[in-house]
$ cat work_20.pdb   # PDB, C-alpha atoms and all ligand atoms
MODEL        1
ATOM      1  CA  MET G 380     119.712  88.124  72.344  1.00  0.00           C
ATOM      2  CA  ILE G 381     122.806  90.087  73.289  1.00  0.00           C
ATOM      3  CA  ASN G 382     123.707  92.865  70.896  1.00  0.00           C
ATOM      4  CA  ASP G 383     127.489  93.211  70.829  1.00  0.00           C
ATOM      5  CA  ARG G 384     127.401  95.914  68.175  1.00  0.00           C
ATOM      6  CA  ILE G 385     126.069  98.690  70.375  1.00  0.00           C
ATOM      7  CA  SER G 386     127.925 101.904  69.575  1.00  0.00           C
ATOM      8  CA  LEU G 387     129.850 103.643  72.352  1.00  0.00           C
ATOM      9  CA  ARG G 388     127.312 106.474  72.440  1.00  0.00           C
ATOM     10  CA  GLU G 389     124.459 104.036  72.922  1.00  0.00           C
ATOM     11  CA  LYS G 390     126.056 101.799  75.521  1.00  0.00           C
ATOM     12  CA  SER G 391     124.362 101.761  78.881  1.00  0.00           C
ATOM     13  CA  ILE G 392     126.261 103.329  81.751  1.00  0.00           C
ATOM     14  CA  VAL G 393     126.675 101.353  84.946  1.00  0.00           C
ATOM     15  CA  PHE G 394     127.579 102.916  88.293  1.00  0.00           C
ATOM     16  CA  ILE G 395     129.496 100.860  90.834  1.00  0.00           C
ATOM     17  CA  GLY G 396     130.918 101.731  94.228  1.00  0.00           C
ATOM     18  CA  PHE G 397     130.545 101.175  97.949  1.00  0.00           C
ATOM     19  CA  MET G 398     127.173 101.373  99.694  1.00  0.00           C
ATOM     20  CA  GLY G 399     126.034 104.920 100.268  1.00  0.00           C
ATOM     21  CA  VAL G 400     128.497 106.573  97.865  1.00  0.00           C
ATOM     22  CA  GLY G 401     125.589 108.074  95.896  1.00  0.00           C
ATOM     23  CA  LYS G 402     125.200 105.713  92.929  1.00  0.00           C
ATOM     24  CA  THR G 403     121.432 106.176  92.850  1.00  0.00           C
ATOM     25  CA  ALA G 404     121.310 109.944  93.359  1.00  0.00           C
ATOM     26  CA  ILE G 405     124.148 110.646  90.924  1.00  0.00           C
ATOM     27  CA  GLY G 406     122.822 108.067  88.447  1.00  0.00           C
ATOM     28  CA  GLU G 407     119.371 109.638  88.481  1.00  0.00           C
ATOM     29  CA  SER G 408     120.849 113.059  87.833  1.00  0.00           C
ATOM     30  CA  VAL G 409     123.063 111.788  84.975  1.00  0.00           C
ATOM     31  CA  ALA G 410     120.014 110.053  83.451  1.00  0.00           C
ATOM     32  CA  LYS G 411     118.050 113.325  83.481  1.00  0.00           C
ATOM     33  CA  LYS G 412     120.911 115.243  81.892  1.00  0.00           C
ATOM     34  CA  LEU G 413     121.294 112.650  79.127  1.00  0.00           C
ATOM     35  CA  TYR G 414     117.522 112.093  78.657  1.00  0.00           C
ATOM     36  CA  ARG G 415     117.885 108.399  79.454  1.00  0.00           C
ATOM     37  CA  ASP G 416     115.960 105.961  81.656  1.00  0.00           C
ATOM     38  CA  PHE G 417     117.409 105.279  85.084  1.00  0.00           C
ATOM     39  CA  ILE G 418     117.294 101.815  86.630  1.00  0.00           C
ATOM     40  CA  ASP G 419     118.276 101.013  90.200  1.00  0.00           C
ATOM     41  CA  ILE G 420     118.938  97.271  90.393  1.00  0.00           C
ATOM     42  CA  ASP G 421     118.152  97.057  94.129  1.00  0.00           C
ATOM     43  CA  LYS G 422     114.763  98.712  93.527  1.00  0.00           C
ATOM     44  CA  GLU G 423     114.028  96.218  90.743  1.00  0.00           C
ATOM     45  CA  ILE G 424     114.917  93.313  93.054  1.00  0.00           C
ATOM     46  CA  GLU G 425     112.697  94.789  95.782  1.00  0.00           C
ATOM     47  CA  LYS G 426     109.810  94.968  93.300  1.00  0.00           C
ATOM     48  CA  GLU G 427     110.316  91.318  92.316  1.00  0.00           C
ATOM     49  CA  PHE G 428     110.307  90.099  95.924  1.00  0.00           C
ATOM     50  CA  ASN G 429     107.858  92.760  97.041  1.00  0.00           C
ATOM     51  CA  MET G 430     109.963  93.626 100.100  1.00  0.00           C
ATOM     52  CA  PRO G 431     112.938  95.827 101.026  1.00  0.00           C
ATOM     53  CA  VAL G 432     116.481  94.476 100.548  1.00  0.00           C
ATOM     54  CA  ARG G 433     116.992  94.101 104.277  1.00  0.00           C
ATOM     55  CA  GLU G 434     113.914  91.878 104.553  1.00  0.00           C
ATOM     56  CA  ILE G 435     115.008  89.812 101.536  1.00  0.00           C
ATOM     57  CA  PHE G 436     118.326  89.117 103.286  1.00  0.00           C
ATOM     58  CA  ASN G 437     116.557  88.248 106.552  1.00  0.00           C
ATOM     59  CA  SER G 438     113.705  86.115 105.284  1.00  0.00           C
ATOM     60  CA  ILE G 439     114.898  84.583 102.004  1.00  0.00           C
ATOM     61  CA  GLY G 440     118.646  84.922 102.400  1.00  0.00           C
ATOM     62  CA  GLU G 441     121.598  86.590 100.721  1.00  0.00           C
ATOM     63  CA  LYS G 442     122.073  83.679  98.280  1.00  0.00           C
ATOM     64  CA  ALA G 443     118.632  84.210  96.721  1.00  0.00           C
ATOM     65  CA  PHE G 444     119.268  87.965  96.620  1.00  0.00           C
ATOM     66  CA  ARG G 445     122.594  87.458  94.809  1.00  0.00           C
ATOM     67  CA  GLU G 446     121.038  85.056  92.283  1.00  0.00           C
ATOM     68  CA  LYS G 447     118.268  87.521  91.483  1.00  0.00           C
ATOM     69  CA  GLU G 448     120.832  90.336  91.359  1.00  0.00           C
ATOM     70  CA  LYS G 449     122.832  88.399  88.748  1.00  0.00           C
ATOM     71  CA  SER G 450     119.915  87.546  86.469  1.00  0.00           C
ATOM     72  CA  MET G 451     118.459  91.036  86.754  1.00  0.00           C
ATOM     73  CA  ILE G 452     121.771  92.723  85.890  1.00  0.00           C
ATOM     74  CA  LYS G 453     122.440  90.408  82.942  1.00  0.00           C
ATOM     75  CA  ASP G 454     118.986  91.129  81.616  1.00  0.00           C
ATOM     76  CA  ILE G 455     119.064  94.917  82.072  1.00  0.00           C
ATOM     77  CA  CYS G 456     122.722  95.527  81.203  1.00  0.00           C
ATOM     78  CA  GLN G 457     122.347  94.113  77.703  1.00  0.00           C
ATOM     79  CA  GLN G 458     119.890  96.887  76.886  1.00  0.00           C
ATOM     80  CA  LYS G 459     121.191 100.083  75.378  1.00  0.00           C
ATOM     81  CA  LEU G 460     120.880 103.721  76.468  1.00  0.00           C
ATOM     82  CA  LYS G 461     120.161 103.002  80.133  1.00  0.00           C
ATOM     83  CA  ILE G 462     121.735 104.504  83.230  1.00  0.00           C
ATOM     84  CA  ILE G 463     122.048 101.748  85.808  1.00  0.00           C
ATOM     85  CA  SER G 464     123.002 101.753  89.454  1.00  0.00           C
ATOM     86  CA  LEU G 465     124.266  98.435  90.900  1.00  0.00           C
ATOM     87  CA  GLY G 466     124.259  97.386  94.546  1.00  0.00           C
ATOM     88  CA  GLY G 467     127.688  97.718  96.130  1.00  0.00           C
ATOM     89  CA  GLY G 468     128.191  93.937  96.321  1.00  0.00           C
ATOM     90  CA  ALA G 469     127.209  93.077  92.750  1.00  0.00           C
ATOM     91  CA  PHE G 470     130.766  93.213  91.384  1.00  0.00           C
ATOM     92  CA  LEU G 471     131.774  90.460  93.828  1.00  0.00           C
ATOM     93  CA  GLN G 472     130.296  88.052  91.287  1.00  0.00           C
ATOM     94  CA  ASP G 473     132.746  87.435  88.426  1.00  0.00           C
ATOM     95  CA  GLU G 474     129.923  86.842  85.963  1.00  0.00           C
ATOM     96  CA  ILE G 475     128.352  90.232  86.702  1.00  0.00           C
ATOM     97  CA  ARG G 476     131.682  92.030  86.548  1.00  0.00           C
ATOM     98  CA  GLU G 477     132.660  90.478  83.246  1.00  0.00           C
ATOM     99  CA  PHE G 478     129.213  91.001  81.731  1.00  0.00           C
ATOM    100  CA  CYS G 479     129.029  94.675  82.644  1.00  0.00           C
ATOM    101  CA  LEU G 480     132.580  95.396  81.487  1.00  0.00           C
ATOM    102  CA  ALA G 481     131.864  93.705  78.153  1.00  0.00           C
ATOM    103  CA  HIS G 482     128.537  95.389  77.410  1.00  0.00           C
ATOM    104  CA  CYS G 483     128.429  98.717  79.244  1.00  0.00           C
ATOM    105  CA  ILE G 484     130.511 101.687  80.298  1.00  0.00           C
ATOM    106  CA  VAL G 485     131.358 101.033  83.941  1.00  0.00           C
ATOM    107  CA  PHE G 486     131.826 104.111  86.131  1.00  0.00           C
ATOM    108  CA  PHE G 487     133.332 103.668  89.592  1.00  0.00           C
ATOM    109  CA  LEU G 488     132.155 106.275  92.071  1.00  0.00           C
ATOM    110  CA  ASP G 489     134.904 106.483  94.660  1.00  0.00           C
ATOM    111  CA  ILE G 490     134.921 108.091  98.101  1.00  0.00           C
ATOM    112  CA  SER G 491     137.516 108.285 100.859  1.00  0.00           C
ATOM    113  CA  TRP G 492     136.954 106.301 104.052  1.00  0.00           C
ATOM    114  CA  GLU G 493     137.061 109.577 106.017  1.00  0.00           C
ATOM    115  CA  SER G 494     134.164 111.047 104.041  1.00  0.00           C
ATOM    116  CA  TRP G 495     132.242 107.787 103.851  1.00  0.00           C
ATOM    117  CA  LYS G 496     132.199 107.100 107.595  1.00  0.00           C
ATOM    118  CA  GLU G 497     130.341 110.359 108.177  1.00  0.00           C
ATOM    119  CA  ARG G 498     127.403 108.823 106.260  1.00  0.00           C
ATOM    120  CA  LEU G 499     127.313 105.588 108.252  1.00  0.00           C
ATOM    121  CA  ASN G 500     124.473 106.628 110.571  1.00  0.00           C
ATOM    122  CA  ILE G 501     122.209 107.547 107.673  1.00  0.00           C
ATOM    123  CA  ILE G 502     122.674 104.330 105.727  1.00  0.00           C
ATOM    124  CA  ILE G 503     123.314 101.585 108.264  1.00  0.00           C
ATOM    125  CA  ASP G 504     119.688 100.558 108.950  1.00  0.00           C
ATOM    126  CA  SER G 505     118.906  99.735 105.346  1.00  0.00           C
ATOM    127  CA  ARG G 506     122.169  97.877 104.626  1.00  0.00           C
ATOM    128  CA  PRO G 507     122.041  94.253 105.869  1.00  0.00           C
ATOM    129  CA  VAL G 508     125.708  93.661 105.032  1.00  0.00           C
ATOM    130  CA  LEU G 509     126.727  96.226 107.679  1.00  0.00           C
ATOM    131  CA  GLN G 510     124.576  94.824 110.482  1.00  0.00           C
ATOM    132  CA  GLY G 511     126.487  93.699 113.563  1.00  0.00           C
ATOM    133  CA  LEU G 512     129.868  94.902 112.277  1.00  0.00           C
ATOM    134  CA  SER G 513     132.172  97.126 114.300  1.00  0.00           C
ATOM    135  CA  LEU G 514     133.538 100.313 112.717  1.00  0.00           C
ATOM    136  CA  GLU G 515     136.898  98.558 112.264  1.00  0.00           C
ATOM    137  CA  GLU G 516     135.220  95.656 110.461  1.00  0.00           C
ATOM    138  CA  ILE G 517     133.308  98.052 108.209  1.00  0.00           C
ATOM    139  CA  GLU G 518     136.578  99.825 107.425  1.00  0.00           C
ATOM    140  CA  GLN G 519     138.142  96.484 106.475  1.00  0.00           C
ATOM    141  CA  LEU G 520     135.182  95.710 104.216  1.00  0.00           C
ATOM    142  CA  PHE G 521     135.461  99.168 102.659  1.00  0.00           C
ATOM    143  CA  TYR G 522     139.125  98.637 101.697  1.00  0.00           C
ATOM    144  CA  LYS G 523     138.556  95.023 100.606  1.00  0.00           C
ATOM    145  CA  ARG G 524     135.808  96.189  98.247  1.00  0.00           C
ATOM    146  CA  GLN G 525     138.123  98.747  96.620  1.00  0.00           C
ATOM    147  CA  GLY G 526     139.788  95.759  94.967  1.00  0.00           C
ATOM    148  CA  ILE G 527     136.629  94.605  93.176  1.00  0.00           C
ATOM    149  CA  TYR G 528     135.777  98.136  92.054  1.00  0.00           C
ATOM    150  CA  SER G 529     139.195  98.489  90.427  1.00  0.00           C
ATOM    151  CA  ALA G 530     137.687  96.744  87.378  1.00  0.00           C
ATOM    152  CA  HIS G 531     136.053  99.745  85.670  1.00  0.00           C
ATOM    153  CA  HIS G 532     136.304 101.938  82.590  1.00  0.00           C
ATOM    154  CA  SER G 533     136.247 105.261  84.374  1.00  0.00           C
ATOM    155  CA  LYS G 534     136.522 106.465  87.954  1.00  0.00           C
ATOM    156  CA  MET G 535     135.566 109.584  89.790  1.00  0.00           C
ATOM    157  CA  GLY G 536     136.266 110.702  93.349  1.00  0.00           C
ATOM    158  CA  THR G 537     133.110 112.119  94.931  1.00  0.00           C
ATOM    159  CA  ASP G 538     134.549 113.667  98.124  1.00  0.00           C
ATOM    160  CA  ASN G 539     133.199 117.195  98.645  1.00  0.00           C
ATOM    161  CA  LEU G 540     131.125 117.077  95.467  1.00  0.00           C
ATOM    162  CA  GLU G 541     127.415 117.863  95.373  1.00  0.00           C
ATOM    163  CA  ILE G 542     125.274 115.419  93.406  1.00  0.00           C
ATOM    164  CA  GLU G 543     124.776 117.894  90.558  1.00  0.00           C
ATOM    165  CA  GLU G 544     128.487 118.675  90.342  1.00  0.00           C
ATOM    166  CA  ALA G 545     129.368 114.987  90.183  1.00  0.00           C
ATOM    167  CA  ALA G 546     126.700 114.360  87.535  1.00  0.00           C
ATOM    168  CA  ASP G 547     127.896 117.323  85.433  1.00  0.00           C
ATOM    169  CA  TYR G 548     131.461 116.064  85.585  1.00  0.00           C
ATOM    170  CA  ILE G 549     130.392 112.573  84.496  1.00  0.00           C
ATOM    171  CA  VAL G 550     128.275 113.889  81.614  1.00  0.00           C
ATOM    172  CA  ASP G 551     131.154 116.111  80.430  1.00  0.00           C
ATOM    173  CA  SER G 552     133.661 113.275  80.556  1.00  0.00           C
ATOM    174  CA  LEU G 553     131.281 110.941  78.714  1.00  0.00           C
ATOM    175  CA  LYS G 554     130.736 113.505  75.964  1.00  0.00           C
ATOM    176  CA  LEU G 555     134.485 113.982  75.660  1.00  0.00           C
ATOM    177  CA  ALA G 556     135.040 110.223  75.353  1.00  0.00           C
ATOM    178  CA  TRP G 557     132.205 109.844  72.830  1.00  0.00           C
ATOM    179  CA  ASP G 558     133.618 112.643  70.635  1.00  0.00           C
ATOM    180  CA  MET G 559     137.134 111.297  70.914  1.00  0.00           C
ATOM    181  CA  TYR G 560     136.485 107.617  70.276  1.00  0.00           C
ATOM    182  CA  GLU G 561     133.382 107.859  68.128  1.00  0.00           C
ATOM    183  CA  PRO G 562     133.385 111.202  66.289  1.00  0.00           C
ATOM    184  CA  ARG G 563     130.106 111.950  64.506  1.00  0.00           C
TER     185      ARG G 563
HETATM  186  C1  LIG F 601     125.082  95.564  99.177  1.00  0.00           C
HETATM  187  C2  LIG F 601     124.800  96.853  98.784  1.00  0.00           C
HETATM  188  C3  LIG F 601     123.429  97.354  98.693  1.00  0.00           C
HETATM  189  C4  LIG F 601     122.446  96.227  98.423  1.00  0.00           C
HETATM  190  C5  LIG F 601     122.619  95.137  99.434  1.00  0.00           C
HETATM  191  C6  LIG F 601     124.029  94.543  99.431  1.00  0.00           C
HETATM  192  C7  LIG F 601     126.503  95.148  99.309  1.00  0.00           C
HETATM  193  O1  LIG F 601     123.312  98.336  97.657  1.00  0.00           O
HETATM  194  O2  LIG F 601     122.605  95.712  97.129  1.00  0.00           O
HETATM  195  O3  LIG F 601     122.290  95.676 100.689  1.00  0.00           O
HETATM  196  O4  LIG F 601     126.793  93.953  99.454  1.00  0.00           O
HETATM  197  O5  LIG F 601     127.386  96.045  99.247  1.00  0.00           O
HETATM  198  P1  LIG F 601     123.896  99.849  97.766  1.00  0.00           P
HETATM  199  O6  LIG F 601     125.320  99.794  97.319  1.00  0.00           O
HETATM  200  O7  LIG F 601     123.051 100.616  96.841  1.00  0.00           O
HETATM  201  O8  LIG F 601     123.759 100.267  99.173  1.00  0.00           O
ENDMDL
END
$ encode --input "work_20.pdb" --output "C-alpha cells"
Amino acid sequence: MINDRISLREKSIVFIGFMGVGKTAIGESVAKKLYRDFIDIDKEIEKEFNMPVREIFNSIGEKAFREKEKSMIKDICQQKLKIISLGGGAFLQDEIREFCLAHCIVFFLDISWESWKERLNIIIDSRPVLQGLSLEEIEQLFYKRQGIYSAHHSKMGTDNLEIEEAADYIVDSLKLAWDMYEPR
C-alpha cells in the first residue's frame, strides 16, 4: 500500500540526470552521510534478469527493460528513507515521473555538455542507448533529455565538483529544507 503521509524528513530521495553524470557515486555518498540505504535501480534490474543492462537491451529488448524499470521504481520509490538512483531514461515514462514527484524528493544532477563529453569514452561501452550514435546525435539526445529532467524538486550543477563535495552540498541543502519546511 502506498503511504502518502510520509514526512518530508522521511521521504526517499531520488537522483535523476543524464547517463554518466554520477547519480550512483553521488547517491552512494549521500546515503552514507545520511545513514540510509542506497538503491541503484539499474543494478536491481540487472539482478532480476541476471545480466548487465547492455545484454538486457540486446537479448530481451528495451521494451522489457522499460517495463521492469517502471515496476521496480514504483515498488521501491514508495518506501521511505531510501536514497535511489534512476537510470537516465526512466523519467521518459510519464508514470515514473509522476510517481517519483508525488512520493519522493527528486534531485536533478545536472552537468554541462562540455564537461559531460569528456566522460564519453569511459561510459559508452556500458550504455546501449549511445551505441551507434555520432557525437552530434549524442549531443542532441543530451539536450532533448534536459527537458524531461526539468521536472524535479531540486537541481544541482556538478561541473568541477568532486563526488564528496557534491554529496556534502546535497546533504546540507536537504537539511536546510527539512528545518525550514518541517521544523522539529
Ligand atoms: C539509460 C540510462 C542507463 C540505463 C540504460 C538506459 C538511458 O542508466 O538505465 O542504459 O536511457 O538514459 P544510467 O543513467 O545510470 O547510465
$ residues_near_ligand --input "work_20.pdb" --ligand "ligand LIG 601 (chain F)" --cutoff "10 Å" --atoms "all atoms listed in the file" --output "VMD selection string"
chain G and resid 394 to 403 419 to 422 424 431 to 436 441 444 to 445 448 464 to 471 502 to 509 520 to 521 524
$ closest_residue --input "work_20.pdb" --among "G:Asn437, G:Asp547, G:Phe428, G:Ile385" --to "Gln510 (chain G)" --atoms "all atoms listed in the file"
G:Asn437
$ atom_distance --input "work_20.pdb" --atom1 "CA of Ile462 (chain G)" --atom2 "CA of Val550 (chain G)"
11.6 Å
$ resolve_selection --input "work_20.pdb" --expression "the PyMOL selection byres (((chain G and resi 456) around 9) and not hetatm)" --output "list in words"
Ser391, Ile392, Val393, Met451, Ile452, Lys453, Asp454, Ile455, Gln457, Gln458, Lys459, Lys461, Ile463, Phe478, Cys479, His482 and Cys483 of chain G
$ atom_distance --input "work_20.pdb" --atom1 "CA of Arg498 (chain G)" --atom2 "CA of Met535 (chain G)"
18.4 Å
$ atom_distance --input "work_20.pdb" --atom1 "CA of Gly406 (chain G)" --atom2 "CA of Val485 (chain G)"
11.9 Å
$ closest_residue --input "work_20.pdb" --among "G:Glu477, G:Glu446, G:Thr537, G:Gln472" --to "Trp492 (chain G)" --atoms "all atoms listed in the file"
G:Thr537
